[in-house]
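Chemist: Pasting work19.txt below, which is compact mmCIF, C-alpha atoms.
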# COMPACT_ATOMS: atom_id res chain seq x y z
CA MET A 1 -20.85 43.18 -62.24
CA LEU A 2 -21.10 45.75 -59.44
CA LEU A 3 -23.71 43.61 -57.67
CA SER A 4 -21.51 40.56 -57.83
CA THR A 5 -18.59 42.45 -56.38
CA SER A 6 -20.74 43.81 -53.53
CA SER A 7 -22.14 40.37 -52.78
CA PHE A 8 -18.68 38.88 -52.72
CA PHE A 9 -17.47 41.65 -50.41
CA PHE A 10 -20.48 41.13 -48.10
CA LEU A 11 -19.97 37.38 -47.96
CA HIS A 12 -16.28 37.91 -47.25
CA LEU A 13 -17.12 40.22 -44.32
CA LEU A 14 -19.66 37.69 -43.03
CA PHE A 15 -17.09 34.91 -43.25
CA LEU A 16 -14.53 37.01 -41.36
CA ARG A 17 -17.20 37.85 -38.77
CA GLU A 18 -17.98 34.16 -38.21
CA GLN A 19 -14.28 33.37 -37.87
CA GLU A 20 -13.89 36.14 -35.29
CA ILE A 21 -16.91 34.86 -33.32
CA GLU A 22 -15.55 31.32 -33.42
CA ARG A 23 -12.10 32.52 -32.34
CA ARG A 24 -13.52 34.53 -29.45
CA PHE A 25 -15.76 31.65 -28.38
CA THR A 26 -12.78 29.26 -28.42
CA MET A 27 -10.76 31.73 -26.34
CA ILE A 28 -13.59 31.99 -23.79
CA VAL A 29 -13.88 28.22 -23.49
CA ARG A 30 -10.11 27.83 -23.10
CA LEU A 31 -10.05 30.60 -20.50
CA PHE A 32 -12.90 28.94 -18.62
CA ILE A 33 -11.14 25.56 -18.56
CA LYS A 34 -7.79 27.14 -17.63
CA ASN A 35 -9.32 28.99 -14.68
CA ALA A 36 -11.39 25.98 -13.67
CA LEU A 37 -8.25 23.85 -13.46
CA LYS A 38 -6.82 26.31 -10.94
CA LEU A 39 -9.84 26.05 -8.65
CA ASN A 40 -9.95 23.90 -5.55
CA ASN A 41 -10.83 20.27 -6.32
CA TRP A 42 -13.61 20.08 -3.73
CA PHE A 43 -15.10 23.33 -5.05
CA MET A 44 -15.21 21.83 -8.52
CA PHE A 45 -16.81 18.62 -7.26
CA TYR A 46 -19.48 20.51 -5.32
CA THR A 47 -20.14 22.82 -8.27
CA THR A 48 -20.55 19.91 -10.66
CA PHE A 49 -22.83 18.05 -8.24
CA THR A 50 -24.93 21.20 -7.72
CA LEU A 51 -25.20 21.83 -11.46
CA ILE A 52 -26.38 18.25 -12.12
CA LEU A 53 -28.89 18.42 -9.26
CA LEU A 54 -30.30 21.81 -10.30
CA SER A 55 -30.42 20.78 -13.97
CA THR A 56 -32.39 17.69 -13.02
CA ILE A 57 -34.97 19.80 -11.19
CA ILE A 58 -35.07 22.57 -13.83
CA MET A 59 -35.68 20.18 -16.74
CA ARG A 60 -38.37 18.41 -14.74
CA VAL A 61 -40.10 21.77 -14.16
CA ILE A 62 -39.66 23.06 -17.74
CA GLU A 63 -40.85 19.86 -19.45
CA PRO A 64 -42.85 17.67 -17.06
CA GLU A 65 -44.37 15.69 -19.93
CA THR A 66 -40.99 14.86 -21.50
CA PHE A 67 -39.47 13.98 -18.13
CA PRO A 68 -42.29 12.44 -16.04
CA THR A 69 -39.98 11.63 -13.06
CA LEU A 70 -36.89 13.18 -11.51
CA PHE A 71 -34.98 10.02 -12.34
CA ASP A 72 -35.83 10.42 -16.04
CA SER A 73 -34.63 14.00 -15.89
CA LEU A 74 -31.42 12.93 -14.08
CA TRP A 75 -30.88 10.23 -16.71
CA TRP A 76 -31.07 12.80 -19.52
CA VAL A 77 -28.78 15.25 -17.69
CA MET A 78 -26.14 12.58 -17.08
CA THR A 79 -26.22 11.27 -20.67
CA THR A 80 -25.95 14.87 -21.88
CA VAL A 81 -23.03 16.10 -19.75
CA THR A 82 -21.11 12.86 -20.39
CA THR A 83 -21.73 13.29 -24.17
CA VAL A 84 -23.30 9.82 -24.42
CA GLY A 85 -26.64 11.06 -25.74
CA TYR A 86 -28.79 7.94 -26.14
CA GLY A 87 -31.65 9.99 -27.61
CA ASP A 88 -34.37 8.23 -25.61
CA TYR A 89 -35.18 11.57 -23.91
CA PHE A 90 -34.77 15.05 -25.43
CA PRO A 91 -36.32 18.48 -24.81
CA VAL A 92 -39.01 19.68 -27.25
CA THR A 93 -39.85 23.16 -25.94
CA VAL A 94 -37.90 26.33 -26.61
CA GLY A 95 -37.08 26.77 -22.92
CA GLY A 96 -35.91 23.17 -22.61
CA ARG A 97 -33.72 23.42 -25.70
CA LEU A 98 -32.20 26.72 -24.57
CA TYR A 99 -31.27 25.20 -21.23
CA ALA A 100 -29.96 22.11 -23.04
CA MET A 101 -27.64 24.36 -25.07
CA PHE A 102 -26.44 25.97 -21.84
CA LEU A 103 -25.79 22.48 -20.45
CA TYR A 104 -23.88 21.51 -23.59
CA ILE A 105 -21.45 24.39 -23.11
CA VAL A 106 -21.13 24.63 -19.32
CA GLY A 107 -22.02 21.15 -18.06
CA ILE A 108 -19.89 19.15 -20.48
CA GLY A 109 -16.89 21.45 -19.96
CA LEU A 110 -17.28 21.41 -16.18
CA LEU A 111 -17.60 17.64 -15.97
CA GLY A 112 -14.63 17.23 -18.31
CA VAL A 113 -12.52 19.34 -15.95
CA VAL A 114 -13.67 17.30 -12.95
CA ILE A 115 -12.90 13.99 -14.66
CA GLY A 116 -9.49 15.36 -15.64
CA LYS A 117 -8.84 16.33 -12.03
CA LEU A 118 -9.84 12.85 -10.88
CA VAL A 119 -7.47 11.22 -13.35
CA ASP A 120 -4.67 13.60 -12.37
CA GLY A 121 -5.41 12.94 -8.69
CA VAL A 122 -5.10 9.19 -9.13
CA ALA A 123 -1.85 9.62 -11.06
CA GLU A 124 -0.47 12.00 -8.43
CA LEU A 125 -1.45 9.59 -5.64
CA LYS A 126 0.34 6.74 -7.40
CA LYS A 127 3.40 8.95 -7.96
CA ARG A 128 3.52 10.03 -4.30
CA LYS A 129 3.19 6.41 -3.18
CA GLU A 130 6.07 5.30 -5.40
CA GLU A 131 8.18 8.18 -4.08
CA GLY A 132 7.45 7.18 -0.47
CA LYS A 133 5.64 10.38 0.49
CA LEU A 134 2.38 8.84 1.73
CA LYS A 135 1.75 7.90 5.35
CA TYR A 136 0.85 4.31 6.17
CA HIS A 137 -2.43 3.92 8.11
CA GLY A 138 -2.54 0.18 8.82
CA GLN A 139 -1.59 -1.87 11.86
CA ASN A 140 -0.08 -5.27 12.75
CA HIS A 141 2.37 -4.82 9.89
CA ILE A 142 6.09 -5.55 9.64
CA VAL A 143 8.49 -2.65 9.20
CA ILE A 144 11.73 -3.31 7.30
CA ILE A 145 14.41 -0.64 7.65
CA GLY A 146 17.17 -0.48 5.05
CA TRP A 147 16.76 -1.85 1.53
CA SER A 148 19.31 -4.36 0.28
CA GLN A 149 19.50 -7.81 -1.25
CA LYS A 150 19.02 -9.25 2.23
CA ALA A 151 15.91 -7.13 2.70
CA SER A 152 14.51 -8.37 -0.61
CA TYR A 153 14.95 -11.95 0.57
CA ALA A 154 13.20 -11.02 3.82
CA VAL A 155 10.26 -9.55 1.89
CA ALA A 156 9.97 -12.71 -0.22
CA GLU A 157 10.08 -14.87 2.92
CA ILE A 158 7.38 -12.81 4.65
CA MET A 159 5.13 -12.97 1.61
CA GLU A 160 5.69 -16.70 1.40
CA SER A 161 4.85 -17.40 5.04
CA ASP A 162 2.43 -14.62 6.03
CA THR A 163 -0.19 -12.30 4.60
CA CYS A 164 0.60 -9.22 6.67
CA GLU A 165 1.41 -5.80 5.25
CA ILE A 166 5.04 -4.72 4.86
CA VAL A 167 6.37 -1.17 5.24
CA LEU A 168 9.83 -0.39 3.81
CA ILE A 169 11.89 2.57 5.01
CA ASP A 170 14.86 3.78 2.99
CA LYS A 171 16.24 6.87 1.24
CA LEU A 172 15.80 5.58 -2.31
CA PRO A 173 14.12 8.07 -4.71
CA LYS A 174 11.46 5.49 -5.61
CA ALA A 175 10.01 2.32 -4.13
CA PRO A 176 12.39 -0.60 -4.81
CA ILE A 177 9.49 -3.03 -5.14
CA ILE A 178 5.88 -2.48 -6.21
CA GLU A 179 3.37 -4.86 -4.61
CA ASP A 180 -0.13 -4.47 -3.20
CA HIS A 181 0.92 -5.45 0.34
CA ILE A 182 4.10 -3.34 0.39
CA HIS A 183 4.18 0.34 1.34
CA TYR A 184 7.31 2.46 0.86
CA ILE A 185 8.35 5.35 3.14
CA LYS A 186 11.23 7.57 2.04
CA GLY A 187 13.37 9.06 4.79
CA ASP A 188 15.81 8.54 7.64
CA ALA A 189 14.54 5.82 9.98
CA ALA A 190 16.23 7.56 12.92
CA GLU A 191 13.81 10.47 12.60
CA GLU A 192 10.58 10.37 14.59
CA ALA A 193 8.52 11.88 11.76
CA VAL A 194 9.57 9.09 9.37
CA LEU A 195 8.78 6.37 11.93
CA ASN A 196 5.37 7.96 12.53
CA LYS A 197 4.68 7.83 8.79
CA ALA A 198 5.38 4.09 8.99
CA ALA A 199 2.90 3.74 11.91
CA ILE A 200 5.67 2.24 14.03
CA LYS A 201 3.52 2.22 17.19
CA ASP A 202 0.95 -0.05 15.53
CA ALA A 203 3.47 -2.45 13.93
CA LYS A 204 3.96 -5.96 15.27
CA ALA A 205 7.64 -6.29 14.36
CA VAL A 206 10.59 -4.32 13.01
CA LEU A 207 13.57 -5.66 11.07
CA VAL A 208 16.61 -3.37 11.02
CA PHE A 209 19.11 -4.37 8.32
CA SER A 210 22.68 -3.16 8.34
CA ASP A 211 23.54 -0.50 5.77
CA ASP A 212 25.51 -2.26 3.00
CA SER A 213 26.87 1.06 1.76
CA ILE A 214 28.87 1.42 5.00
CA HIS A 215 31.87 -0.92 4.85
CA ASP A 216 33.18 -0.21 8.36
CA PRO A 217 31.37 -2.67 10.74
CA LEU A 218 31.68 -0.20 13.62
CA LEU A 219 29.97 2.59 11.68
CA ALA A 220 27.34 0.23 10.25
CA ASP A 221 26.41 -1.14 13.68
CA GLY A 222 26.51 2.40 15.10
CA LYS A 223 23.87 3.48 12.59
CA SER A 224 21.75 0.42 13.45
CA LEU A 225 22.07 1.34 17.14
CA ILE A 226 20.77 4.85 16.50
CA VAL A 227 17.81 3.48 14.53
CA ALA A 228 17.04 0.90 17.25
CA SER A 229 17.20 3.65 19.89
CA SER A 230 14.71 5.76 17.94
CA ILE A 231 12.32 2.82 17.65
CA GLU A 232 12.62 1.97 21.36
CA ARG A 233 11.97 5.61 22.28
CA MET A 234 8.66 5.56 20.38
CA SER A 235 7.51 2.01 21.17
CA THR A 236 8.92 -0.30 23.81
CA GLU A 237 6.42 -3.08 23.08
CA ILE A 238 7.29 -3.75 19.46
CA HIS A 239 9.40 -6.83 18.66
CA THR A 240 12.67 -5.59 17.18
CA THR A 241 15.25 -7.64 15.28
CA VAL A 242 18.58 -6.01 14.38
CA GLU A 243 21.26 -7.25 12.01
CA VAL A 244 24.70 -6.84 13.60
CA MET A 245 27.94 -7.00 11.65
CA LYS A 246 30.18 -8.05 14.59
CA GLU A 247 29.15 -10.07 17.64
CA GLU A 248 31.17 -7.95 20.12
CA HIS A 249 29.05 -4.93 19.20
CA ILE A 250 25.93 -6.54 20.69
CA LYS A 251 26.90 -5.32 24.18
CA ASN A 252 26.59 -1.74 22.89
CA PHE A 253 22.87 -2.38 22.46
CA ALA A 254 22.48 -3.17 26.19
CA HIS A 255 20.51 -0.02 26.96
CA VAL A 256 18.22 -0.51 23.94
CA GLN A 257 15.34 -2.99 24.07
CA VAL A 258 16.22 -5.20 21.13
CA ASP A 259 14.55 -8.62 21.11
CA GLU A 260 16.68 -10.43 18.54
CA PHE A 261 20.11 -10.06 16.97
CA VAL A 262 21.19 -11.57 13.66
CA LEU A 263 24.92 -11.89 13.00
CA SER A 264 25.40 -11.18 9.32
CA ASN A 265 28.92 -11.93 8.14
CA GLU A 266 29.87 -14.27 11.00
CA ALA A 267 26.76 -16.42 10.59
CA ILE A 268 27.49 -16.96 6.90
CA SER A 269 31.14 -17.76 7.59
CA ARG A 270 30.26 -20.30 10.27
CA MET A 271 27.70 -21.95 8.00
CA ALA A 272 30.30 -22.22 5.25
CA VAL A 273 32.79 -23.85 7.65
CA ARG A 274 30.17 -26.33 8.85
CA ALA A 275 29.37 -27.20 5.23
CA ALA A 276 33.06 -27.78 4.51
CA PHE A 277 33.41 -30.32 7.35
CA THR A 278 29.94 -31.88 7.09
CA LYS A 279 28.67 -32.53 3.59
CA GLY A 280 24.98 -31.78 3.10
CA ILE A 281 24.61 -29.61 6.20
CA SER A 282 24.03 -26.48 4.08
CA GLY A 283 20.85 -28.07 2.71
CA VAL A 284 19.57 -28.52 6.27
CA TYR A 285 20.29 -24.86 7.03
CA SER A 286 18.56 -23.77 3.85
CA GLN A 287 15.40 -25.69 4.68
CA LEU A 288 15.24 -24.30 8.20
CA LEU A 289 15.88 -20.74 7.09
CA SER A 290 13.41 -20.71 4.18
CA ARG A 291 9.74 -21.54 3.79
CA GLY A 292 10.21 -22.33 0.14
CA HIS A 293 10.62 -26.11 0.26
CA GLY A 294 11.05 -29.17 2.49
CA GLU A 295 10.97 -29.20 6.29
CA ASN A 296 10.79 -25.83 8.01
CA LEU A 297 10.87 -24.32 11.47
CA TYR A 298 7.50 -23.18 12.86
CA GLU A 299 6.19 -21.82 16.14
CA ILE A 300 3.07 -23.57 17.40
CA PRO A 301 0.67 -22.61 20.23
CA LEU A 302 0.73 -24.42 23.57
CA ARG A 303 -2.20 -26.81 24.06
CA LYS A 304 -4.00 -27.12 27.38
CA ASP A 305 -3.63 -30.91 27.55
CA TRP A 306 0.18 -30.70 27.37
CA LYS A 307 1.46 -30.60 30.93
CA ILE A 308 5.05 -31.75 30.44
CA TYR A 309 7.36 -31.63 27.42
CA ARG A 310 7.10 -35.40 26.86
CA GLU A 311 3.35 -35.15 26.25
CA ALA A 312 3.88 -32.41 23.67
CA PHE A 313 6.86 -34.20 22.11
CA ASP A 314 5.05 -37.54 21.69
CA ASP A 315 1.80 -35.99 20.45
CA LEU A 316 3.56 -33.86 17.86
CA LEU A 317 5.74 -36.75 16.72
CA ILE A 318 2.64 -38.82 15.93
CA GLN A 319 1.28 -35.97 13.81
CA GLY A 320 4.53 -35.62 11.83
CA ALA A 321 6.27 -32.77 13.67
CA THR A 322 9.40 -32.78 15.85
CA LEU A 323 9.50 -30.52 18.90
CA ILE A 324 13.02 -29.09 19.14
CA ALA A 325 12.95 -25.92 21.25
CA ASP A 326 11.20 -23.77 23.79
CA GLY A 327 12.25 -20.23 22.98
CA ASN A 328 16.02 -20.25 22.49
CA ARG A 329 16.52 -23.44 24.50
CA MET A 330 17.09 -26.46 22.27
CA ASP A 331 17.54 -29.09 25.00
CA ILE A 332 13.96 -30.39 24.98
CA ASN A 333 15.16 -34.00 24.73
CA ARG A 334 16.86 -33.62 28.15
CA ARG A 335 13.88 -31.93 29.79
CA LEU A 336 11.04 -34.17 28.70
CA GLU A 337 9.76 -34.68 32.27
CA GLU A 338 9.76 -30.98 33.11
CA LYS A 339 6.51 -28.99 33.32
CA ILE A 340 5.83 -26.69 30.38
CA PRO A 341 5.58 -23.05 31.56
CA ALA A 342 2.53 -21.00 30.57
CA ASN A 343 4.66 -18.57 28.55
CA ALA A 344 6.44 -21.29 26.56
CA LYS A 345 7.25 -20.64 22.87
CA LEU A 346 7.38 -24.04 21.23
CA PHE A 347 9.16 -24.58 17.92
CA VAL A 348 8.78 -27.65 15.71
CA ILE A 349 10.29 -28.94 12.48
CA CYS A 350 7.74 -30.14 9.91
CA ASP A 351 6.44 -29.40 6.45
CA LYS A 352 3.83 -26.77 5.67
CA ALA A 353 0.94 -29.24 5.37
CA VAL A 354 1.57 -30.64 8.88
CA TYR A 355 1.91 -27.14 10.32
CA GLU A 356 -1.41 -26.03 8.82
CA LYS A 357 -3.04 -29.19 10.17
CA LEU A 358 -1.72 -28.44 13.67
CA ILE A 359 -3.00 -24.86 13.50
CA ARG A 360 -6.46 -25.96 12.32
CA LYS A 361 -6.65 -28.51 15.11
CA GLU A 362 -5.74 -25.89 17.69
CA ARG A 363 -8.38 -23.47 16.38
CA ASN A 364 -11.09 -26.14 16.42
CA SER A 365 -10.27 -27.33 19.92
Represent the structure contained in this file as structure tokens.
Modeler:
Amino acid sequence: MLLSTSSFFFLHLLFLREQEIERRFTMIVRLFIKNALKLNNWFMFYTTFTLILLSTIIMRVIEPETFPTLFDSLWWVMTTVTTVGYGDYFPVTVGGRLYAMFLYIVGIGLLGVVIGKLVDGVAELKKRKEEGKLKYHGQNHIVIIGWSQKASYAVAEIMESDTCEIVLIDKLPKAPIIEDHIHYIKGDAAEEAVLNKAAIKDAKAVLVFSDDSIHDPLLADGKSLIVASSIERMSTEIHTTVEVMKEEHIKNFAHVQVDEFVLSNEAISRMAVRAAFTKGISGVYSQLLSRGHGENLYEIPLRKDWKIYREAFDDLLIQGATLIADGNRMDINRRLEEKIPANAKLFVICDKAVYEKLIRKERNS
């Protein structure tokens, strides 16, 4: 009876001892992982790489017969630290097994921390991109300033007609649209730092939309003027298009190099009046303003064999396109015998298939 009691007491102490060892070991592992997470990411990457490299060499030295090549040793190390464990290679000596146990504890934990940091890094990168905190590093992109319903239509039109990258600038807490070719920058477009984040100097065009939250046309156009001035101060070569609420405000942009102006409210009102007096005219406007369907307005390159407007007009007409303008001059039909200048910007009306055919012909010539 006394022996049984002593044995029970001894086993109880042994059980408590094992629990204490397990508890302390768990605390050590947790402490190791907690401290490892605080370390610099690059330090962790270099440490993991060094551990894998040294382990490959050590196992090759300890058991050259089990691991005849360094690649075999690397294969075993990688399957071990990633907990795959195919079992095709395994240490058989005491030294090899002792080092394997060390690798089980340290290597697996270290690689787990590194993988966790990589996953967190990708998630953080995605979060920062959605919040508009990442700088854009591309070029030949289009910058759109001011998010609104009009800006969303502009984005859809660009994606329909071109494959260039788009950079949006606004003060929204998150990106208003998530697409592969769209990059969001959060901030005030009048600030140089924000424009630099959008790589404004390397952009090919900028669209400045009027702020819909400002109901006073004078204040809205004043804000657009400040933004246009900031852009012109950083890059005088970029093609800038500004939406203006009232036509008489355009003269206030005289000292700023703005290439195009779009009249917002007045343009819509005039289109509505035209539609009221001429049935069907709104459909013509819609086709010319959108690449979605029907005949559209396209710019085509000047060919060397076109000397006068008549030659270009007749040649394009045969191919299914109608030449209507050179730049902002739409009186081509009255200037057919005039010589085409070298800097001419010719615009035609045709469908997308004809336009693509004209472009292919120009590239092959």
Chemist: Which residue is closest to Tyr355 in chain A? Choose from A:Ser152, A:Asn296, A:Ser210, A:Asn252 and count all atoms listed in the file.
Modeler: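 Comparing A:Ser152, A:Asn296, A:Ser210, A:Asn252 against Tyr355 in chain A, the winner is A:Asn296.
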Chemist: Just the number, please: distance in Å from CA of Ala344 in chain A to CA of Trp306 in chain A, one decimal.
Modeler: 11.3 Å
Chemist: Using all atoms listed in the file for the distances, tell me which of A:Pro217, A:Gly95, A:Gly107, A:Gly132 is nearest to Leu54 in chain A.
Modeler: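 Result for the nearest residue to Leu54 in chain A: A:Gly107.
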Chemist: Would you mind reading off the distance between CA of Asp212 in chain A and CA of Gln149 in chain A, one decimal, in Å?
Modeler: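 So the answer is 9.2 Å.
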Chemist: Taking into account only C-alpha atoms, which residue in the set A:Glu131, A:Glu192, A:Glu362, A:Glu338 is nearest to Asp170 in chain A?
Modeler: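 Smallest separation from Asp170 in chain A among the options: A:Glu131.
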Chemist: What residues have an atom no more than 12 Å from (-44.0, 12.5, -22.2) in the file's own frame, counting only C-alpha atoms, and can you write them as a count of residues only?
Modeler: 15
Chemist: Between CA of Lys186 in chain A and CA of Ile145 in chain A, what distance in Å does the model show, to one decimal?
Modeler: 10.4 Å
Chemist: Nearest residue to Leu218 in chain A out of A:Leu263, A:Ile115, A:Ile178, A:Val244, using only C-alpha atoms?
Modeler: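 Among A:Leu263, A:Ile115, A:Ile178, A:Val244, it is A:Val244 that comes nearest to Leu218 in chain A.
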Chemist: Because some atoms of range 203-222 of chain A are absent here, can you restore N, CA and C atoms and send them as an mmCIF file, keeping the file's coordinate frame?
Modeler:
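Saved the output as selection06.cif:
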data_model
loop_
_atom_site.group_PDB
_atom_site.id
_atom_site.type_symbol
_atom_site.label_atom_id
_atom_site.label_comp_id
_atom_site.auth_asym_id
_atom_site.auth_seq_id
_atom_site.Cartn_x
_atom_site.Cartn_y
_atom_site.Cartn_z
ATOM 1 N N ALA A 203 2.839 -1.302 14.598
ATOM 2 C CA ALA A 203 3.470 -2.450 13.930
ATOM 3 C C ALA A 203 3.661 -3.589 14.918
ATOM 4 N N LYS A 204 3.735 -4.806 14.396
ATOM 5 C CA LYS A 204 3.960 -5.960 15.270
ATOM 6 C C LYS A 204 5.417 -6.379 15.317
ATOM 7 N N ALA A 205 6.215 -5.930 14.362
ATOM 8 C CA ALA A 205 7.640 -6.290 14.360
ATOM 9 C C ALA A 205 8.407 -5.319 13.472
ATOM 10 N N VAL A 206 9.701 -5.158 13.793
ATOM 11 C CA VAL A 206 10.590 -4.320 13.010
ATOM 12 C C VAL A 206 11.867 -5.096 12.720
ATOM 13 N N LEU A 207 12.300 -5.060 11.462
ATOM 14 C CA LEU A 207 13.570 -5.660 11.070
ATOM 15 C C LEU A 207 14.509 -4.537 10.645
ATOM 16 N N VAL A 208 15.638 -4.409 11.337
ATOM 17 C CA VAL A 208 16.610 -3.370 11.020
ATOM 18 C C VAL A 208 17.812 -4.038 10.351
ATOM 19 N N PHE A 209 17.987 -3.798 9.056
ATOM 20 C CA PHE A 209 19.110 -4.370 8.320
ATOM 21 C C PHE A 209 20.279 -3.406 8.304
ATOM 22 N N SER A 210 21.474 -3.970 8.373
ATOM 23 C CA SER A 210 22.680 -3.160 8.340
ATOM 24 C C SER A 210 22.839 -2.486 6.977
ATOM 25 N N ASP A 211 23.362 -1.270 6.991
ATOM 26 C CA ASP A 211 23.540 -0.500 5.770
ATOM 27 C C ASP A 211 24.727 -1.065 4.980
ATOM 28 N N ASP A 212 24.455 -1.657 3.822
ATOM 29 C CA ASP A 212 25.510 -2.260 3.000
ATOM 30 C C ASP A 212 26.452 -1.239 2.406
ATOM 31 N N SER A 213 26.012 0.022 2.332
ATOM 32 C CA SER A 213 26.870 1.060 1.760
ATOM 33 C C SER A 213 27.973 1.485 2.729
ATOM 34 N N ILE A 214 27.850 1.109 4.006
ATOM 35 C CA ILE A 214 28.870 1.420 5.000
ATOM 36 C C ILE A 214 29.742 0.182 5.191
ATOM 37 N N HIS A 215 30.997 0.250 4.817
ATOM 38 C CA HIS A 215 31.870 -0.920 4.850
ATOM 39 C C HIS A 215 32.560 -1.118 6.200
ATOM 40 N N ASP A 216 32.588 -0.100 7.022
ATOM 41 C CA ASP A 216 33.180 -0.210 8.360
ATOM 42 C C ASP A 216 32.140 -0.820 9.302
ATOM 43 N N PRO A 217 32.363 -2.035 9.856
ATOM 44 C CA PRO A 217 31.370 -2.670 10.740
ATOM 45 C C PRO A 217 31.000 -1.801 11.938
ATOM 46 N N LEU A 218 31.958 -1.049 12.473
ATOM 47 C CA LEU A 218 31.680 -0.200 13.620
ATOM 48 C C LEU A 218 30.681 0.900 13.265
ATOM 49 N N LEU A 219 30.889 1.531 12.109
ATOM 50 C CA LEU A 219 29.970 2.590 11.680
ATOM 51 C C LEU A 219 28.602 2.017 11.304
ATOM 52 N N ALA A 220 28.603 0.845 10.656
ATOM 53 C CA ALA A 220 27.340 0.230 10.250
ATOM 54 C C ALA A 220 26.505 -0.149 11.471
ATOM 55 N N ASP A 221 27.134 -0.774 12.466
ATOM 56 C CA ASP A 221 26.410 -1.140 13.680
ATOM 57 C C ASP A 221 26.028 0.089 14.495
ATOM 58 N N GLY A 222 26.851 1.157 14.418
ATOM 59 C CA GLY A 222 26.510 2.400 15.100
ATOM 60 C C GLY A 222 25.235 3.010 14.533
#
